[in-house]
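Comments concern the structure below.
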Amino acid sequence: MLRAQRGDAHAYEDLVRPHQEIAFRVAYVIARNPADAEDATQDALVKAWRALGRFRPDEPLRPWLLRIVANEARNRRRSAGRRERLVLRAAASSGEAAPSPEDTALDRAERAELLRALDELPDAAREVLAYRYLLDLSEEETAAALDVAVGTVKSRTSRALDRLKEGYGPRA
Amino acid sequence: MDLERELSALQVEWPATPGFALQLGRRRRRWPLAVAIALAAIAIAFAVPQSRASILHFFAIGRVHVRVVDTLPPAQQRPLSAGLGKRVSLEEARADVPGILLPATAAVPALYLAHGNVLSLVFVHEGEPLLLSELVGGGGVYLKKLAAGSTGIVGVRVGDAPGLWLSGSPHVFFTPQRSPRLAGNVLLWESDSTTYRLEGRKLGKSEAIAIAESLRRG
């Protein structure tokens, strides 16, 4: 970190490379399309480099980086004025036991339905659930990405789950 | 399974994470000398065609980011003066953008102001329209996307300032709140916290640098 803060670009690359995937996905949840998420992440990585001198080395890097990425994605979405669907698809199940074709089809339909319900939530609810459960961010990281307090993440998550239950149907 | 566990168990097909280039041009204020050295090194690398694919992926000069892509996104061909913002007088421009640079032409150029800190000047040089944009301070990023192999990019110096020269096939230019357009040859440089962009379809490198170095405080 100190080398990066002294201006060593290679040291900066080494620092942020492990976080690029999660940064891109955080941006994608907000931007809702891969091209805008890519632009937001790329620009955020440059901004983070320029702001690195103000970063406190005793703090974790990932929440700080995700905050910058999410802000950049949010600014882009605001200026673009677009509202697109998130278009997340459920991946094939990776369970160990081989399910029957009927079970697989049912499971796939349920997962698709859950993602549809998630996508139809308001932005604040959708983002907090995507970060906490789909990306497995900690509450602190989610708070950084949403630019809110940790307490707000807790209350927003609870309300978002209630709303998701309403949209997901009687089985939830 | 409750809803939280069901959400956590979801395997989502995320879009593939692109490769992000971290060939970073500069970090402001703190390392001016190191930046100049790094820029010069990268500029040399830009000038070597066979090293382009591995090195030239992303670069930033002030508020303009340059990115090399495999395929250009769709963009419109538009006149240089289209969508530059509100037409303003020289006095209005001076009031909003202190220390503006003006070309050494007899006629006052057409002036346009956008977002309060982006001044654009359209003027004629040897019969050809040119666009000079002055992007003051921070704010929104202006993005250029270049097709690898068809648009050339070399590092240059404008006076003491580091710059980039983009020429060859048109590239795609993104400005905040506007649809992308195709852009011609462009000289980019940064000086005194202002990013400058000089564009002309038939503009040559030496000519562009000469015009840039002849600009005067207005």
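Numbering starts fresh at 1 for the residues of each chain in the structure tokens, the chains themselves are lettered A, B, ... in the order given, and ligands are numbered from 1 as they appear.
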
Could you list, as a ChimeraX atom specification, every residue within 9 Å of stretch 69-84 of chain B, counting only C-alpha atoms and ignoring same-chain residues fewer than 4 positions away? /B:57,110-114,118-122,129-131,145-149,171-173,178-183,199-200

The selected residues should be written to file as an mmCIF file, in the first residue's frame (atoms: N, CA and C atoms).
```
data_model
loop_
_atom_site.group_PDB
_atom_site.id
_atom_site.type_symbol
_atom_site.label_atom_id
_atom_site.label_comp_id
_atom_site.auth_asym_id
_atom_site.auth_seq_id
_atom_site.Cartn_x
_atom_site.Cartn_y
_atom_site.Cartn_z
ATOM 1 N N HIS B 57 -4.098 0.389 -23.911
ATOM 2 C CA HIS B 57 -5.447 -0.090 -23.608
ATOM 3 C C HIS B 57 -6.261 1.023 -22.977
ATOM 4 N N ALA B 110 -16.722 31.250 -32.504
ATOM 5 C CA ALA B 110 -18.028 30.966 -31.911
ATOM 6 C C ALA B 110 -17.791 30.240 -30.592
ATOM 7 N N LEU B 111 -18.410 30.716 -29.523
ATOM 8 C CA LEU B 111 -18.148 30.186 -28.179
ATOM 9 C C LEU B 111 -19.393 29.493 -27.623
ATOM 10 N N TYR B 112 -19.199 28.360 -27.003
ATOM 11 C CA TYR B 112 -20.304 27.598 -26.415
ATOM 12 C C TYR B 112 -19.892 27.169 -25.011
ATOM 13 N N LEU B 113 -20.856 27.220 -24.097
ATOM 14 C CA LEU B 113 -20.559 26.831 -22.723
ATOM 15 C C LEU B 113 -21.495 25.704 -22.290
ATOM 16 N N ALA B 114 -20.930 24.665 -21.691
ATOM 17 C CA ALA B 114 -21.737 23.542 -21.190
ATOM 18 C C ALA B 114 -21.303 23.206 -19.775
ATOM 19 N N VAL B 118 -17.177 23.812 -19.205
ATOM 20 C CA VAL B 118 -16.646 23.282 -20.462
ATOM 21 C C VAL B 118 -16.908 24.321 -21.561
ATOM 22 N N LEU B 119 -15.846 24.968 -21.976
ATOM 23 C CA LEU B 119 -15.963 26.000 -23.003
ATOM 24 C C LEU B 119 -15.491 25.424 -24.338
ATOM 25 N N SER B 120 -16.295 25.598 -25.375
ATOM 26 C CA SER B 120 -15.927 25.098 -26.699
ATOM 27 C C SER B 120 -15.852 26.268 -27.668
ATOM 28 N N LEU B 121 -14.822 26.282 -28.476
ATOM 29 C CA LEU B 121 -14.612 27.344 -29.449
ATOM 30 C C LEU B 121 -14.544 26.718 -30.834
ATOM 31 N N VAL B 122 -15.354 27.207 -31.751
ATOM 32 C CA VAL B 122 -15.296 26.738 -33.134
ATOM 33 C C VAL B 122 -14.726 27.874 -33.975
ATOM 34 N N PRO B 129 -12.776 24.000 -40.475
ATOM 35 C CA PRO B 129 -13.302 24.245 -39.123
ATOM 36 C C PRO B 129 -12.560 23.411 -38.078
ATOM 37 N N LEU B 130 -12.248 24.046 -36.980
ATOM 38 C CA LEU B 130 -11.597 23.356 -35.867
ATOM 39 C C LEU B 130 -12.430 23.567 -34.605
ATOM 40 N N LEU B 131 -12.354 22.611 -33.711
ATOM 41 C CA LEU B 131 -13.053 22.717 -32.425
ATOM 42 C C LEU B 131 -12.021 22.636 -31.306
ATOM 43 N N LYS B 145 -13.274 6.234 -27.358
ATOM 44 C CA LYS B 145 -13.022 4.828 -27.632
ATOM 45 C C LYS B 145 -12.415 4.711 -29.023
ATOM 46 N N LEU B 146 -11.286 4.049 -29.077
ATOM 47 C CA LEU B 146 -10.537 3.891 -30.327
ATOM 48 C C LEU B 146 -10.538 2.434 -30.733
ATOM 49 N N ALA B 147 -10.676 2.208 -32.017
ATOM 50 C CA ALA B 147 -10.553 0.839 -32.508
ATOM 51 C C ALA B 147 -9.069 0.498 -32.600
ATOM 52 N N ALA B 148 -8.704 -0.613 -31.991
ATOM 53 C CA ALA B 148 -7.297 -1.016 -32.012
ATOM 54 C C ALA B 148 -6.828 -1.200 -33.446
ATOM 55 N N GLY B 149 -5.720 -0.611 -33.780
ATOM 56 C CA GLY B 149 -5.113 -0.827 -35.088
ATOM 57 C C GLY B 149 -5.543 0.155 -36.155
ATOM 58 N N HIS B 171 -12.633 8.069 -34.244
ATOM 59 C CA HIS B 171 -12.901 7.350 -33.005
ATOM 60 C C HIS B 171 -14.233 7.829 -32.454
ATOM 61 N N VAL B 172 -14.716 7.167 -31.435
ATOM 62 C CA VAL B 172 -16.021 7.518 -30.867
ATOM 63 C C VAL B 172 -15.812 8.354 -29.609
ATOM 64 N N PHE B 173 -16.511 9.468 -29.572
ATOM 65 C CA PHE B 173 -16.324 10.447 -28.514
ATOM 66 C C PHE B 173 -17.608 10.538 -27.685
ATOM 67 N N ARG B 178 -24.891 13.276 -23.793
ATOM 68 C CA ARG B 178 -25.043 13.364 -25.247
ATOM 69 C C ARG B 178 -24.797 11.984 -25.831
ATOM 70 N N SER B 179 -25.450 11.707 -26.962
ATOM 71 C CA SER B 179 -25.152 10.431 -27.607
ATOM 72 C C SER B 179 -23.765 10.518 -28.232
ATOM 73 N N PRO B 180 -23.064 9.392 -28.342
ATOM 74 C CA PRO B 180 -21.687 9.440 -28.860
ATOM 75 C C PRO B 180 -21.636 9.875 -30.316
ATOM 76 N N ARG B 181 -20.532 10.503 -30.691
ATOM 77 C CA ARG B 181 -20.357 10.905 -32.085
ATOM 78 C C ARG B 181 -18.976 10.477 -32.565
ATOM 79 N N LEU B 182 -18.834 10.414 -33.875
ATOM 80 C CA LEU B 182 -17.540 10.098 -34.453
ATOM 81 C C LEU B 182 -16.674 11.349 -34.448
ATOM 82 N N ALA B 183 -15.434 11.219 -34.077
ATOM 83 C CA ALA B 183 -14.533 12.373 -34.008
ATOM 84 C C ALA B 183 -13.323 12.134 -34.906
ATOM 85 N N GLU B 199 -9.735 19.543 -32.142
ATOM 86 C CA GLU B 199 -10.187 18.547 -33.118
ATOM 87 C C GLU B 199 -10.381 19.175 -34.493
ATOM 88 N N GLY B 200 -9.938 18.463 -35.501
ATOM 89 C CA GLY B 200 -10.177 18.872 -36.891
ATOM 90 C C GLY B 200 -10.014 17.660 -37.783
#
```

Applying 9 Å and only C-alpha atoms, which residues near B:Ser191 remain after dropping the ones on its own chain fewer than 5 positions away? List them as a JSON list (two decimals) with C-alpha atoms, in the first residue's frame.
```json
[["chain", "number", "residue", "atom", "x", "y", "z"],
["B", 62, "GLY", "CA", -7.12, 15.23, -17.20],
["B", 160, "ASP", "CA", 5.89, 21.81, -21.42],
["B", 161, "ALA", "CA", 2.61, 19.96, -21.12],
["B", 162, "PRO", "CA", 2.16, 16.25, -21.85],
["B", 196, "TYR", "CA", -7.63, 20.95, -23.74]]
```

Can you tell me which residues surround B:Leu101 at a distance of at most 6 Å, considering only C-alpha atoms, apart from same-chain residues fewer than 2 positions away, and format the answer as a list in words?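 So, after excluding close chain neighbours, the residues are Leu215, Arg216, Arg217 and Gly218 of chain B.
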
Would you export the selected residues with C-alpha atoms as a tab-separated table (two decimals), in the first residue's frame, please?
```
chain	number	residue	atom	x	y	z
B	215	LEU	CA	-3.13	29.98	-28.19
B	216	ARG	CA	-3.21	33.09	-26.05
B	217	ARG	CA	-4.97	33.98	-22.81
B	218	GLY	CA	-8.16	35.77	-23.75
```

In terms of the shortest atom-to-atom distance over only C-alpha atoms, which of B:Trp14, B:Phe20, B:Phe123, B:Phe174 is closest to A:Ala44?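 Among the listed residues, B:Phe20 lies closest to A:Ala44.
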
From B:Thr175, B:Ser206, B:Ser150, B:Asn185, residue lying nearest chain A [only C-alpha atoms]: B:Thr175

Excluding B:Pro15 and residues on its chain fewer than 5 positions from it, collect all residues at most 9 Å away from it, counting only C-alpha atoms, and give them as a list in words.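 Within the cut-off, the hits are Arg25, Tyr28, Asn33, Pro34 and Leu88 of chain A.
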
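For the choices B:Asn117, B:Leu7, B:Ser133, B:Trp165, the atom-to-atom distance to B:Ile209 is smallest for B:Trp165 when using only C-alpha atoms.
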